[in-house]
Amino acid sequence: ESPDFAHAEVAFACAVRPALLGPGAPFTVWRSLELGGAFRVLPGLDENPRGALLASGYPQRQGTPHEVLVRAELGGAGGPGGQPFMFSGTSPPYAEASLCRVAVRSASHQVNRAVAQVVLEVLLDPSGSVNGTVSST
């Protein structure tokens, strides 16, 4: 694990749109986080059945793409199927399945903030709230 990834991490928690939490959840939530194919779910890497890890890359001028990781967890620590959230070492302050904690990691804090903002727009229940603001941890 790169120190640049941990240092630049951006994390938030928000209420999830009810339309994503129907009979197809959590699949519908993970599918929405793929952002039309920009990210891919990495099956089997998250031990929590209510969590998912997604990966993508963004191009650099020097050629080699840099990785972007998104980890999302419905319900959080103590929630349904809840294992502690281990991506950033912090526990979310909730245990409701309608909430989602998201952490975005890459070597670029600006990329992390941009991806987090898009993910927030996709997930956020307009009548819900964000736990704090999209910020680095």
# chains A, B, ... in the order shown; residues from 1 in each chain; ligands from 1
>>> residues_around(residues="A:Val111", least_positions_apart="5", cutoff="9 Å", atoms="only C-alpha atoms", output="list in words")
Tyr58, Val68, Val104, Arg105, Ser106 and Ala116 of chain A
>>> residues_around(residues="stretch 37-50 of chain A", least_positions_apart="4", cutoff="6 Å", atoms="only C-alpha atoms", output="PyMOL selection string")
chain A and resi 54-56+73-74+83
>>> residues_around(residues="A:Ser127", least_positions_apart="4", cutoff="12 Å", atoms="only C-alpha atoms", output="list in words")
Cys14, Ala15, Val16, Arg17, Pro18 and Leu123 of chain A
>>> atom_distance(atom1="atom CA of A:Leu35", atom2="atom CA of A:His109")
19.5 Å
>>> atom_distance(atom1="atom CA of A:Arg71", atom2="atom CA of A:Arg101")
8.1 Å
>>> atom_distance(atom1="atom CA of A:Ala11", atom2="atom CA of A:Gly51")
14.5 Å
>>> closest_residue(among="A:Ser98, A:Leu53, A:Val119, A:Arg113", to="A:Ala19", atoms="only C-alpha atoms")
A:Ser98
>>> residues_around(residues="A:Leu120", least_positions_apart="3", cutoff="9 Å", atoms="only C-alpha atoms", output="PDB file with all heavy atoms, in the first residue's frame")
ATOM      1  N   PHE A  12     -16.337   9.811   2.714  1.00  0.00           N
ATOM      2  CA  PHE A  12     -17.575  10.432   3.175  1.00  0.00           C
ATOM      3  C   PHE A  12     -18.603   9.340   3.424  1.00  0.00           C
ATOM      4  O   PHE A  12     -18.427   8.196   3.011  1.00  0.00           O
ATOM      5  CB  PHE A  12     -18.111  11.444   2.150  1.00  0.00           C
ATOM      6  CG  PHE A  12     -18.527  10.829   0.844  1.00  0.00           C
ATOM      7  CD1 PHE A  12     -19.830  10.407   0.639  1.00  0.00           C
ATOM      8  CD2 PHE A  12     -17.611  10.677  -0.191  1.00  0.00           C
ATOM      9  CE1 PHE A  12     -20.213   9.827  -0.572  1.00  0.00           C
ATOM     10  CE2 PHE A  12     -17.982  10.105  -1.397  1.00  0.00           C
ATOM     11  CZ  PHE A  12     -19.287   9.679  -1.583  1.00  0.00           C
ATOM     12  N   ALA A  13     -19.670   9.705   4.100  1.00  0.00           N
ATOM     13  CA  ALA A  13     -20.818   8.824   4.300  1.00  0.00           C
ATOM     14  C   ALA A  13     -22.057   9.600   3.894  1.00  0.00           C
ATOM     15  O   ALA A  13     -22.139  10.808   4.117  1.00  0.00           O
ATOM     16  CB  ALA A  13     -20.910   8.393   5.756  1.00  0.00           C
ATOM     17  N   CYS A  14     -23.005   8.907   3.264  1.00  0.00           N
ATOM     18  CA  CYS A  14     -24.230   9.586   2.837  1.00  0.00           C
ATOM     19  C   CYS A  14     -25.404   8.620   2.858  1.00  0.00           C
ATOM     20  O   CYS A  14     -25.226   7.406   2.877  1.00  0.00           O
ATOM     21  CB  CYS A  14     -24.068  10.175   1.436  1.00  0.00           C
ATOM     22  SG  CYS A  14     -23.985   8.964   0.100  1.00  0.00           S
ATOM     23  N   VAL A 102     -18.016   5.753   1.710  1.00  0.00           N
ATOM     24  CA  VAL A 102     -17.205   5.618   0.507  1.00  0.00           C
ATOM     25  C   VAL A 102     -15.824   6.206   0.775  1.00  0.00           C
ATOM     26  O   VAL A 102     -15.702   7.276   1.383  1.00  0.00           O
ATOM     27  CB  VAL A 102     -17.855   6.364  -0.686  1.00  0.00           C
ATOM     28  CG1 VAL A 102     -16.976   6.300  -1.921  1.00  0.00           C
ATOM     29  CG2 VAL A 102     -19.234   5.804  -0.978  1.00  0.00           C
ATOM     30  N   VAL A 115     -13.626  12.324  -8.078  1.00  0.00           N
ATOM     31  CA  VAL A 115     -14.339  11.045  -8.118  1.00  0.00           C
ATOM     32  C   VAL A 115     -15.342  10.974  -6.965  1.00  0.00           C
ATOM     33  O   VAL A 115     -16.488  10.557  -7.149  1.00  0.00           O
ATOM     34  CB  VAL A 115     -13.359   9.853  -8.082  1.00  0.00           C
ATOM     35  CG1 VAL A 115     -14.094   8.534  -7.873  1.00  0.00           C
ATOM     36  CG2 VAL A 115     -12.529   9.807  -9.355  1.00  0.00           C
ATOM     37  N   ALA A 116     -14.941  11.410  -5.780  1.00  0.00           N
ATOM     38  CA  ALA A 116     -15.845  11.399  -4.631  1.00  0.00           C
ATOM     39  C   ALA A 116     -17.077  12.264  -4.886  1.00  0.00           C
ATOM     40  O   ALA A 116     -18.193  11.886  -4.528  1.00  0.00           O
ATOM     41  CB  ALA A 116     -15.110  11.865  -3.375  1.00  0.00           C
ATOM     42  N   GLN A 117     -16.878  13.404  -5.519  1.00  0.00           N
ATOM     43  CA  GLN A 117     -18.020  14.280  -5.800  1.00  0.00           C
ATOM     44  C   GLN A 117     -18.997  13.620  -6.773  1.00  0.00           C
ATOM     45  O   GLN A 117     -20.210  13.693  -6.592  1.00  0.00           O
ATOM     46  CB  GLN A 117     -17.534  15.621  -6.360  1.00  0.00           C
ATOM     47  CG  GLN A 117     -18.614  16.662  -6.439  1.00  0.00           C
ATOM     48  CD  GLN A 117     -19.178  17.027  -5.071  1.00  0.00           C
ATOM     49  OE1 GLN A 117     -18.432  17.293  -4.148  1.00  0.00           O
ATOM     50  NE2 GLN A 117     -20.493  17.036  -4.946  1.00  0.00           N
ATOM     51  N   LEU A 123     -25.023   8.547  -5.587  1.00  0.00           N
ATOM     52  CA  LEU A 123     -25.611   7.840  -4.457  1.00  0.00           C
ATOM     53  C   LEU A 123     -26.580   8.640  -3.612  1.00  0.00           C
ATOM     54  O   LEU A 123     -27.534   8.085  -3.067  1.00  0.00           O
ATOM     55  CB  LEU A 123     -24.496   7.360  -3.509  1.00  0.00           C
ATOM     56  CG  LEU A 123     -23.591   6.239  -3.976  1.00  0.00           C
ATOM     57  CD1 LEU A 123     -22.576   5.937  -2.885  1.00  0.00           C
ATOM     58  CD2 LEU A 123     -24.383   5.008  -4.341  1.00  0.00           C
ATOM     59  N   LEU A 124     -26.348   9.921  -3.455  1.00  0.00           N
ATOM     60  CA  LEU A 124     -27.020  10.712  -2.432  1.00  0.00           C
ATOM     61  C   LEU A 124     -28.529  10.763  -2.608  1.00  0.00           C
ATOM     62  O   LEU A 124     -29.036  11.139  -3.662  1.00  0.00           O
ATOM     63  CB  LEU A 124     -26.472  12.133  -2.400  1.00  0.00           C
ATOM     64  CG  LEU A 124     -27.038  13.044  -1.307  1.00  0.00           C
ATOM     65  CD1 LEU A 124     -26.720  12.503   0.072  1.00  0.00           C
ATOM     66  CD2 LEU A 124     -26.483  14.447  -1.471  1.00  0.00           C
ATOM     67  N   VAL A 130     -25.211  14.210   4.058  1.00  0.00           N
ATOM     68  CA  VAL A 130     -23.830  13.728   3.999  1.00  0.00           C
ATOM     69  C   VAL A 130     -23.255  13.876   5.384  1.00  0.00           C
ATOM     70  O   VAL A 130     -23.468  14.867   6.061  1.00  0.00           O
ATOM     71  CB  VAL A 130     -23.014  14.571   2.996  1.00  0.00           C
ATOM     72  CG1 VAL A 130     -21.564  14.106   2.974  1.00  0.00           C
ATOM     73  CG2 VAL A 130     -23.616  14.500   1.618  1.00  0.00           C
ATOM     74  N   VAL A 134     -17.359  16.092   1.748  1.00  0.00           N
ATOM     75  CA  VAL A 134     -16.366  15.270   1.082  1.00  0.00           C
ATOM     76  C   VAL A 134     -15.017  15.851   1.473  1.00  0.00           C
ATOM     77  O   VAL A 134     -14.702  16.982   1.121  1.00  0.00           O
ATOM     78  CB  VAL A 134     -16.556  15.281  -0.442  1.00  0.00           C
ATOM     79  CG1 VAL A 134     -15.460  14.492  -1.115  1.00  0.00           C
ATOM     80  CG2 VAL A 134     -17.920  14.721  -0.810  1.00  0.00           C
TER      81      VAL A 134
END
